[in-house]
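Colleague: Here you go, target.cif (mmCIF, C-alpha atoms and all ligand atoms):
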```cif
data_start
loop_
_atom_site.label_atom_id
_atom_site.label_comp_id
_atom_site.auth_asym_id
_atom_site.auth_seq_id
_atom_site.Cartn_x
_atom_site.Cartn_y
_atom_site.Cartn_z
CA MET A 1 11.23 -17.44 17.59
CA ARG A 2 7.70 -17.12 18.95
CA THR A 3 4.95 -17.77 16.41
CA LEU A 4 1.19 -17.34 16.57
CA CYS A 5 -1.26 -19.12 14.26
CA LEU A 6 -4.44 -17.07 14.07
CA TYR A 7 -7.53 -18.34 12.31
CA TYR A 8 -11.14 -17.61 11.51
CA THR A 9 -13.27 -20.70 11.06
CA ARG A 10 -16.95 -21.30 10.40
CA THR A 11 -16.97 -25.09 10.12
CA ASN A 12 -13.66 -25.88 11.88
CA THR A 13 -11.62 -26.81 8.79
CA THR A 14 -9.34 -23.78 8.93
CA LYS A 15 -9.05 -24.37 12.67
CA GLU A 16 -7.91 -27.96 12.06
CA ILE A 17 -5.36 -26.79 9.48
CA MET A 18 -3.98 -24.00 11.64
CA GLU A 19 -3.77 -26.17 14.74
CA ASN A 20 -1.87 -28.73 12.67
CA ILE A 21 0.59 -26.07 11.51
CA ALA A 22 0.93 -24.77 15.08
CA ARG A 23 1.66 -28.28 16.38
CA ILE A 24 4.36 -28.90 13.78
CA ILE A 25 6.19 -25.62 14.27
CA GLY A 26 5.56 -25.33 18.00
CA ALA A 27 3.42 -22.20 17.78
CA ASP A 28 0.52 -20.86 19.80
CA ALA A 29 -2.92 -20.87 18.16
CA ALA A 30 -5.86 -18.52 18.64
CA GLU A 31 -9.14 -17.72 16.94
CA TYR A 32 -10.41 -14.41 15.62
CA THR A 33 -14.08 -13.71 15.03
CA ASP A 34 -16.59 -11.06 14.06
CA GLY A 35 -18.69 -12.23 16.99
CA LYS A 36 -21.51 -13.62 14.85
CA ASN A 37 -22.77 -17.17 15.05
CA ARG A 38 -22.36 -18.31 11.45
CA SER A 39 -22.98 -22.01 12.00
CA GLY A 40 -25.32 -24.11 9.89
CA PHE A 41 -27.20 -23.21 6.73
CA LEU A 42 -28.49 -19.90 8.11
CA GLY A 43 -24.95 -18.99 9.10
CA TYR A 44 -23.79 -19.72 5.57
CA VAL A 45 -26.55 -17.57 4.06
CA GLY A 46 -25.75 -14.78 6.53
CA ALA A 47 -22.07 -14.94 5.56
CA CYS A 48 -23.02 -14.66 1.87
CA PHE A 49 -25.24 -11.63 2.52
CA ALA A 50 -22.67 -9.96 4.74
CA THR A 51 -20.02 -10.45 2.07
CA VAL A 52 -22.19 -9.10 -0.75
CA LYS A 53 -23.45 -6.18 1.33
CA ASN A 54 -19.96 -5.54 2.67
CA THR A 55 -21.15 -5.25 6.26
CA ILE A 56 -18.34 -7.09 8.04
CA SER A 57 -15.95 -4.75 9.80
CA LYS A 58 -15.87 -5.85 13.43
CA VAL A 59 -13.28 -8.37 14.53
CA SER A 60 -11.60 -9.45 17.75
CA ILE A 61 -9.13 -12.10 18.86
CA LYS A 62 -10.34 -14.60 21.44
CA GLY A 63 -8.36 -15.05 24.63
CA GLU A 64 -5.52 -13.09 26.17
CA ILE A 65 -3.38 -12.54 23.09
CA ASN A 66 -0.83 -9.77 22.77
CA LEU A 67 0.37 -9.69 19.17
CA LYS A 68 3.42 -7.68 20.16
CA GLU A 69 4.78 -10.73 21.97
CA TYR A 70 5.22 -12.63 18.70
CA ASP A 71 8.00 -12.62 16.09
CA ARG A 72 5.96 -14.38 13.45
CA LEU A 73 2.26 -14.49 12.63
CA ILE A 74 0.45 -16.98 10.39
CA ILE A 75 -3.09 -15.92 9.53
CA GLY A 76 -5.60 -18.55 8.43
CA MET A 77 -8.72 -17.48 6.59
CA PRO A 78 -11.29 -19.20 4.40
CA VAL A 79 -12.16 -17.99 0.92
CA TRP A 80 -15.59 -16.38 0.80
CA ALA A 81 -16.93 -15.30 -2.59
CA GLU A 82 -13.75 -15.90 -4.54
CA GLY A 83 -11.37 -14.13 -2.18
CA PRO A 84 -10.03 -14.14 1.39
CA CYS A 85 -13.01 -13.58 3.71
CA ALA A 86 -13.93 -10.13 4.93
CA ILE A 87 -13.31 -11.10 8.55
CA GLY A 88 -9.67 -11.82 7.70
CA LYS A 89 -9.39 -8.49 5.94
CA ALA A 90 -10.95 -6.74 8.94
CA LEU A 91 -8.32 -8.41 11.14
CA LEU A 92 -5.54 -6.95 8.99
CA LYS A 93 -7.12 -3.50 9.01
CA LYS A 94 -7.51 -3.46 12.77
CA TYR A 95 -4.28 -5.08 13.94
CA ALA A 96 -1.67 -4.54 11.18
CA SER A 97 0.17 -1.91 13.19
CA VAL A 98 0.80 -4.33 16.08
CA MET A 99 1.49 -7.43 13.99
CA PRO A 100 5.07 -8.72 13.83
CA SER A 101 7.05 -7.97 10.67
CA GLU A 102 6.88 -11.60 9.51
CA VAL A 103 3.30 -12.40 8.44
CA TYR A 104 2.12 -15.39 6.39
CA TYR A 105 -1.35 -16.08 4.95
CA VAL A 106 -2.96 -19.53 4.87
CA VAL A 107 -6.12 -19.40 2.77
CA THR A 108 -8.53 -22.34 2.65
CA HIS A 109 -11.07 -22.93 -0.08
CA MET A 110 -13.46 -25.63 -1.19
CA GLY A 111 -13.34 -25.43 -4.98
CA ASP A 112 -10.71 -26.77 -7.30
CA LYS A 113 -9.82 -23.33 -8.56
CA ASN A 114 -6.52 -23.03 -6.81
CA ASP A 115 -5.14 -19.71 -7.88
CA TYR A 116 -6.01 -17.06 -5.36
CA THR A 117 -2.41 -15.83 -5.41
CA ALA A 118 -3.14 -12.32 -6.65
CA LYS A 119 -6.08 -11.78 -4.28
CA ILE A 120 -4.09 -13.07 -1.32
CA LYS A 121 -1.09 -10.91 -2.19
CA ALA A 122 -3.42 -7.89 -2.50
CA MET A 123 -3.98 -8.13 1.27
CA ASP A 124 -0.51 -6.69 1.70
CA LYS A 125 -2.15 -3.30 1.08
CA LEU A 126 -4.07 -3.79 4.33
CA LEU A 127 -0.97 -5.12 6.06
CA GLY A 128 0.96 -2.07 4.91
CA ARG A 129 4.06 -4.08 3.98
CA PRO A 130 4.99 -7.22 2.04
CA SER A 131 3.90 -10.49 3.63
CA ALA A 132 6.52 -13.20 4.10
CA GLY A 133 4.62 -15.92 2.23
CA GLN A 134 1.30 -17.50 1.42
CA VAL A 135 -0.36 -20.81 0.71
CA SER A 136 -3.87 -21.65 -0.45
CA ILE A 137 -5.19 -25.07 0.49
CA ARG A 138 -8.16 -26.88 -1.00
CA THR A 139 -10.29 -28.44 1.72
CA LYS A 140 -12.68 -30.57 -0.33
CA GLU A 141 -11.55 -33.96 -1.68
CA ASN A 142 -7.98 -33.15 -0.72
CA ASP A 143 -5.64 -34.26 2.05
CA TYR A 144 -5.48 -30.78 3.53
CA ILE A 145 -3.73 -31.99 6.66
CA LYS A 146 -0.86 -33.33 4.55
CA GLU A 147 -0.75 -30.11 2.51
CA SER A 148 -0.73 -27.93 5.61
CA ALA A 149 2.03 -30.12 7.10
CA ALA A 150 4.13 -29.58 3.97
CA PHE A 151 3.69 -25.82 4.35
CA ALA A 152 4.54 -26.01 8.05
CA GLU A 153 7.76 -27.88 7.29
CA THR A 154 8.96 -24.90 5.25
CA LEU A 155 8.66 -22.77 8.39
CA VAL A 156 10.47 -25.05 10.85
C1 LIG A 201 -20.03 -17.41 2.48
C2 LIG A 201 -19.06 -18.43 1.92
C3 LIG A 201 -18.53 -18.26 0.66
C4 LIG A 201 -17.62 -19.18 0.13
N1 LIG A 201 -17.09 -18.94 -1.11
C5 LIG A 201 -16.18 -19.83 -1.62
C6 LIG A 201 -15.60 -19.61 -2.91
O1 LIG A 201 -15.86 -18.61 -3.56
N2 LIG A 201 -14.71 -20.51 -3.38
C7 LIG A 201 -14.38 -21.64 -2.68
O2 LIG A 201 -13.58 -22.44 -3.16
N3 LIG A 201 -14.90 -21.87 -1.44
C8 LIG A 201 -15.79 -21.00 -0.90
N4 LIG A 201 -16.34 -21.23 0.34
C9 LIG A 201 -15.94 -22.45 1.06
C10 LIG A 201 -14.90 -22.21 2.14
O3 LIG A 201 -13.84 -21.38 1.71
C11 LIG A 201 -14.25 -23.54 2.56
O4 LIG A 201 -15.26 -24.47 2.86
C12 LIG A 201 -13.33 -23.37 3.76
O5 LIG A 201 -12.46 -24.47 3.84
C13 LIG A 201 -14.15 -23.25 5.06
O6 LIG A 201 -13.28 -23.15 6.16
P1 LIG A 201 -13.89 -23.24 7.65
O7 LIG A 201 -14.44 -24.63 7.80
O8 LIG A 201 -12.71 -23.05 8.53
O9 LIG A 201 -14.91 -22.18 7.82
C14 LIG A 201 -17.24 -20.31 0.89
C15 LIG A 201 -17.79 -20.49 2.18
C16 LIG A 201 -18.67 -19.56 2.69
C17 LIG A 201 -19.21 -19.74 4.08
#
```
Please lay out the structure from this file as structure tokens.
Modeller:
Amino acid sequence: MRTLCLYYTRTNTTKEIMENIARIIGADAAEYTDGKNRSGFLGYVGACFATVKNTISKVSIKGEINLKEYDRLIIGMPVWAEGPCAIGKALLKKYASVMPSEVYYVVTHMGDKNDYTAKIKAMDKLLGRPSAGQVSIRTKENDYIKESAAFAETLV
């Protein structure tokens, strides 16, 4: 089974988590982006504005990735403003039709509120079918590498 771990990351935490999952299950990893530099404080403020104003719609996958070559896709996305970030949603909107049937969501968040289950599951509307599974991982004051490894083990 060929698996791709796709992630958006602003400060590299989701990248670290998705690369850890990819290493454990022997998957490829690639980044998706809206093409904006969102680093630093100004990048954070820009991300807040873009989320509130709902201006994020562009997205692309870096590198030579053909989604049709994969049997399983694991999509990593940070929480922005109490839900999976708009860039992740834009990815689903744009590429759902060429994504493999087996899609998982890995959602990272800083706060201790851990129940994004309903909002994550709601992304299935964009996917156009039921996802295969989901996990949300707290990245602050938590061993997120261990937690992502535990999730990865369920997929081996
Ligand atoms: C614009 C913005 C909004 C955010 N909103 C939330 C939030 O509502 N709840 C939360 O727990 N974390 C929130 N975060 C924190 C990120 O979800 C968290 O730091 C995540 O692990 C970042 O992943 P990254 O390093 O891969 O970008 C927000 C971050 C940004 C940039």
Colleague: Measuring atom to atom with only C-alpha atoms, identify which of A:Leu92, A:Thr108, A:Lys62, A:Tyr144 is nearest to Met123 (chain A).
Modeller: A:Leu92
Colleague: Which residue out of A:Val156, A:Asp112, A:Gly46, A:Ala30 has the minimum interatomic distance to Glu141 (chain A) when all atoms listed in the file are used?
Modeller: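 So, comparing all the options, the nearest one is A:Asp112.
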Colleague: Give as a PyMOL selection string the residues surrounding ligand LIG 201 (chain A) up to a distance of 7 Å, considering all atoms listed in the file.
Modeller: chain A and resi 8-15+44-45+47-48+51+78-83+108-113+138-139
Colleague: With all atoms listed in the file as the counted atoms, please give the residues lying no more than 12 Å from Ser57 (chain A), apart from itself and same-chain residues fewer than 5 positions off, as a PyMOL selection string.
Modeller: chain A and resi 33-36+50-51+85-94
Colleague: For region 20-28 of chain A, find every residue with an atom within 12 Å (counting all atoms listed in the file), except residues of its own chain fewer than 3 positions away, and show them as an mmCIF file with C-alpha atoms, keeping the file's coordinate frame.
Modeller:
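Okay, this is what ended up in result.cif:
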```
data_model
loop_
_atom_site.group_PDB
_atom_site.id
_atom_site.type_symbol
_atom_site.label_atom_id
_atom_site.label_comp_id
_atom_site.auth_asym_id
_atom_site.auth_seq_id
_atom_site.Cartn_x
_atom_site.Cartn_y
_atom_site.Cartn_z
ATOM 1 C CA MET A 1 11.230 -17.440 17.590
ATOM 2 C CA ARG A 2 7.700 -17.120 18.950
ATOM 3 C CA THR A 3 4.950 -17.770 16.410
ATOM 4 C CA LEU A 4 1.190 -17.340 16.570
ATOM 5 C CA CYS A 5 -1.260 -19.120 14.260
ATOM 6 C CA LEU A 6 -4.440 -17.070 14.070
ATOM 7 C CA TYR A 7 -7.530 -18.340 12.310
ATOM 8 C CA THR A 13 -11.620 -26.810 8.790
ATOM 9 C CA THR A 14 -9.340 -23.780 8.930
ATOM 10 C CA LYS A 15 -9.050 -24.370 12.670
ATOM 11 C CA GLU A 16 -7.910 -27.960 12.060
ATOM 12 C CA ILE A 17 -5.360 -26.790 9.480
ATOM 13 C CA GLU A 31 -9.140 -17.720 16.940
ATOM 14 C CA GLY A 63 -8.360 -15.050 24.630
ATOM 15 C CA GLU A 64 -5.520 -13.090 26.170
ATOM 16 C CA ILE A 65 -3.380 -12.540 23.090
ATOM 17 C CA ASN A 66 -0.830 -9.770 22.770
ATOM 18 C CA LEU A 67 0.370 -9.690 19.170
ATOM 19 C CA GLU A 69 4.780 -10.730 21.970
ATOM 20 C CA TYR A 70 5.220 -12.630 18.700
ATOM 21 C CA ASP A 71 8.000 -12.620 16.090
ATOM 22 C CA ARG A 72 5.960 -14.380 13.450
ATOM 23 C CA LEU A 73 2.260 -14.490 12.630
ATOM 24 C CA ILE A 74 0.450 -16.980 10.390
ATOM 25 C CA ILE A 75 -3.090 -15.920 9.530
ATOM 26 C CA GLY A 76 -5.600 -18.550 8.430
ATOM 27 C CA TYR A 104 2.120 -15.390 6.390
ATOM 28 C CA VAL A 106 -2.960 -19.530 4.870
ATOM 29 C CA TYR A 144 -5.480 -30.780 3.530
ATOM 30 C CA ILE A 145 -3.730 -31.990 6.660
ATOM 31 C CA LYS A 146 -0.860 -33.330 4.550
ATOM 32 C CA GLU A 147 -0.750 -30.110 2.510
ATOM 33 C CA SER A 148 -0.730 -27.930 5.610
ATOM 34 C CA ALA A 149 2.030 -30.120 7.100
ATOM 35 C CA ALA A 150 4.130 -29.580 3.970
ATOM 36 C CA PHE A 151 3.690 -25.820 4.350
ATOM 37 C CA ALA A 152 4.540 -26.010 8.050
ATOM 38 C CA GLU A 153 7.760 -27.880 7.290
ATOM 39 C CA THR A 154 8.960 -24.900 5.250
ATOM 40 C CA LEU A 155 8.660 -22.770 8.390
ATOM 41 C CA VAL A 156 10.470 -25.050 10.850
#
```
Colleague: Considering only C-alpha atoms, can you say which of A:Ala122, A:Asp115, A:Pro84, A:Arg129 comes closest to Ser101 (chain A)?
Modeller: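 When distances to Ser101 (chain A) are compared using only C-alpha atoms, the smallest one comes from A:Arg129.
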Colleague: Give me, as a list in words, all polymer residues having an atom no more than 9 Å from Gly128 (chain A), counting all atoms listed in the file and skipping those fewer than 4 positions away in the same chain.
Modeller: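 Listed by chain and then number, they are Ala96, Ser97, Met123 and Asp124 of chain A.
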Colleague: Report the centre and edge lengths, in Å to one decimal, of an axis-aligned box enclosing every atom of region 75-89 of chain A listed in the file, padded by 5 Å on each side, as AutoDock Vina command-line options.
Modeller:
```
--center_x -10.0 --center_y -13.8 --center_z 2.5 --size_x 23.8 --size_y 20.7 --size_z 24.1
```
Colleague: Just give me the gap between CA of Lys53 (chain A) and CA of Lys140 (chain A) in Å, one decimal is fine.
Modeller: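 If I compute the distance from CA of Lys53 (chain A) to CA of Lys140 (chain A), I get 26.7 Å.
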Colleague: Rounded to one decimal in Å, what is the spacing between CA of Ser60 (chain A) and CA of Tyr116 (chain A)?
Modeller: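 Result for CA of Ser60 (chain A) versus CA of Tyr116 (chain A): 25.0 Å, one decimal.
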Colleague: Which value, in Å to one decimal, gives the distance between CA of Val103 (chain A) and CA of Pro130 (chain A)?
Modeller: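 Those two atoms sit 8.4 Å apart.
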Colleague: Emit a file covering region 108-121 of chain A of the preceding structure with N, CA and C atoms, as a PDB file, in the first residue's frame.
Modeller:
```pdb
ATOM      1  N   THR A 108      -3.562  19.421  14.249  1.00  0.00           N
ATOM      2  CA  THR A 108      -2.729  19.837  15.382  1.00  0.00           C
ATOM      3  C   THR A 108      -3.273  21.139  15.969  1.00  0.00           C
ATOM      4  N   HIS A 109      -3.147  21.272  17.272  1.00  0.00           N
ATOM      5  CA  HIS A 109      -3.663  22.477  17.921  1.00  0.00           C
ATOM      6  C   HIS A 109      -2.871  22.757  19.177  1.00  0.00           C
ATOM      7  N   MET A 110      -2.867  24.012  19.588  1.00  0.00           N
ATOM      8  CA  MET A 110      -2.044  24.408  20.716  1.00  0.00           C
ATOM      9  C   MET A 110      -2.782  24.276  22.056  1.00  0.00           C
ATOM     10  N   GLY A 111      -4.034  24.619  22.063  1.00  0.00           N
ATOM     11  CA  GLY A 111      -4.787  24.701  23.315  1.00  0.00           C
ATOM     12  C   GLY A 111      -5.153  23.346  23.890  1.00  0.00           C
ATOM     13  N   ASP A 112      -5.637  23.368  25.133  1.00  0.00           N
ATOM     14  CA  ASP A 112      -5.964  22.097  25.761  1.00  0.00           C
ATOM     15  C   ASP A 112      -7.377  21.621  25.434  1.00  0.00           C
ATOM     16  N   LYS A 113      -8.112  22.473  24.725  1.00  0.00           N
ATOM     17  CA  LYS A 113      -9.421  22.001  24.265  1.00  0.00           C
ATOM     18  C   LYS A 113      -9.159  20.950  23.192  1.00  0.00           C
ATOM     19  N   ASN A 114      -9.566  19.750  23.445  1.00  0.00           N
ATOM     20  CA  ASN A 114      -9.105  18.663  22.591  1.00  0.00           C
ATOM     21  C   ASN A 114     -10.190  18.109  21.690  1.00  0.00           C
ATOM     22  N   ASP A 115     -11.392  18.690  21.763  1.00  0.00           N
ATOM     23  CA  ASP A 115     -12.443  18.041  21.008  1.00  0.00           C
ATOM     24  C   ASP A 115     -12.847  18.809  19.755  1.00  0.00           C
ATOM     25  N   TYR A 116     -12.083  18.560  18.717  1.00  0.00           N
ATOM     26  CA  TYR A 116     -12.414  19.143  17.420  1.00  0.00           C
ATOM     27  C   TYR A 116     -13.100  18.092  16.536  1.00  0.00           C
ATOM     28  N   THR A 117     -13.535  17.009  17.144  1.00  0.00           N
ATOM     29  CA  THR A 117     -14.044  15.859  16.394  1.00  0.00           C
ATOM     30  C   THR A 117     -15.111  16.251  15.366  1.00  0.00           C
ATOM     31  N   ALA A 118     -16.107  17.021  15.826  1.00  0.00           N
ATOM     32  CA  ALA A 118     -17.206  17.353  14.926  1.00  0.00           C
ATOM     33  C   ALA A 118     -16.735  18.225  13.765  1.00  0.00           C
ATOM     34  N   LYS A 119     -15.860  19.200  14.069  1.00  0.00           N
ATOM     35  CA  LYS A 119     -15.381  20.100  13.012  1.00  0.00           C
ATOM     36  C   LYS A 119     -14.472  19.364  12.025  1.00  0.00           C
ATOM     37  N   ILE A 120     -13.728  18.404  12.535  1.00  0.00           N
ATOM     38  CA  ILE A 120     -12.861  17.624  11.632  1.00  0.00           C
ATOM     39  C   ILE A 120     -13.732  16.742  10.737  1.00  0.00           C
ATOM     40  N   LYS A 121     -14.696  16.086  11.356  1.00  0.00           N
ATOM     41  CA  LYS A 121     -15.575  15.180  10.598  1.00  0.00           C
ATOM     42  C   LYS A 121     -16.358  15.957   9.532  1.00  0.00           C
TER      43      LYS A 121
END
```
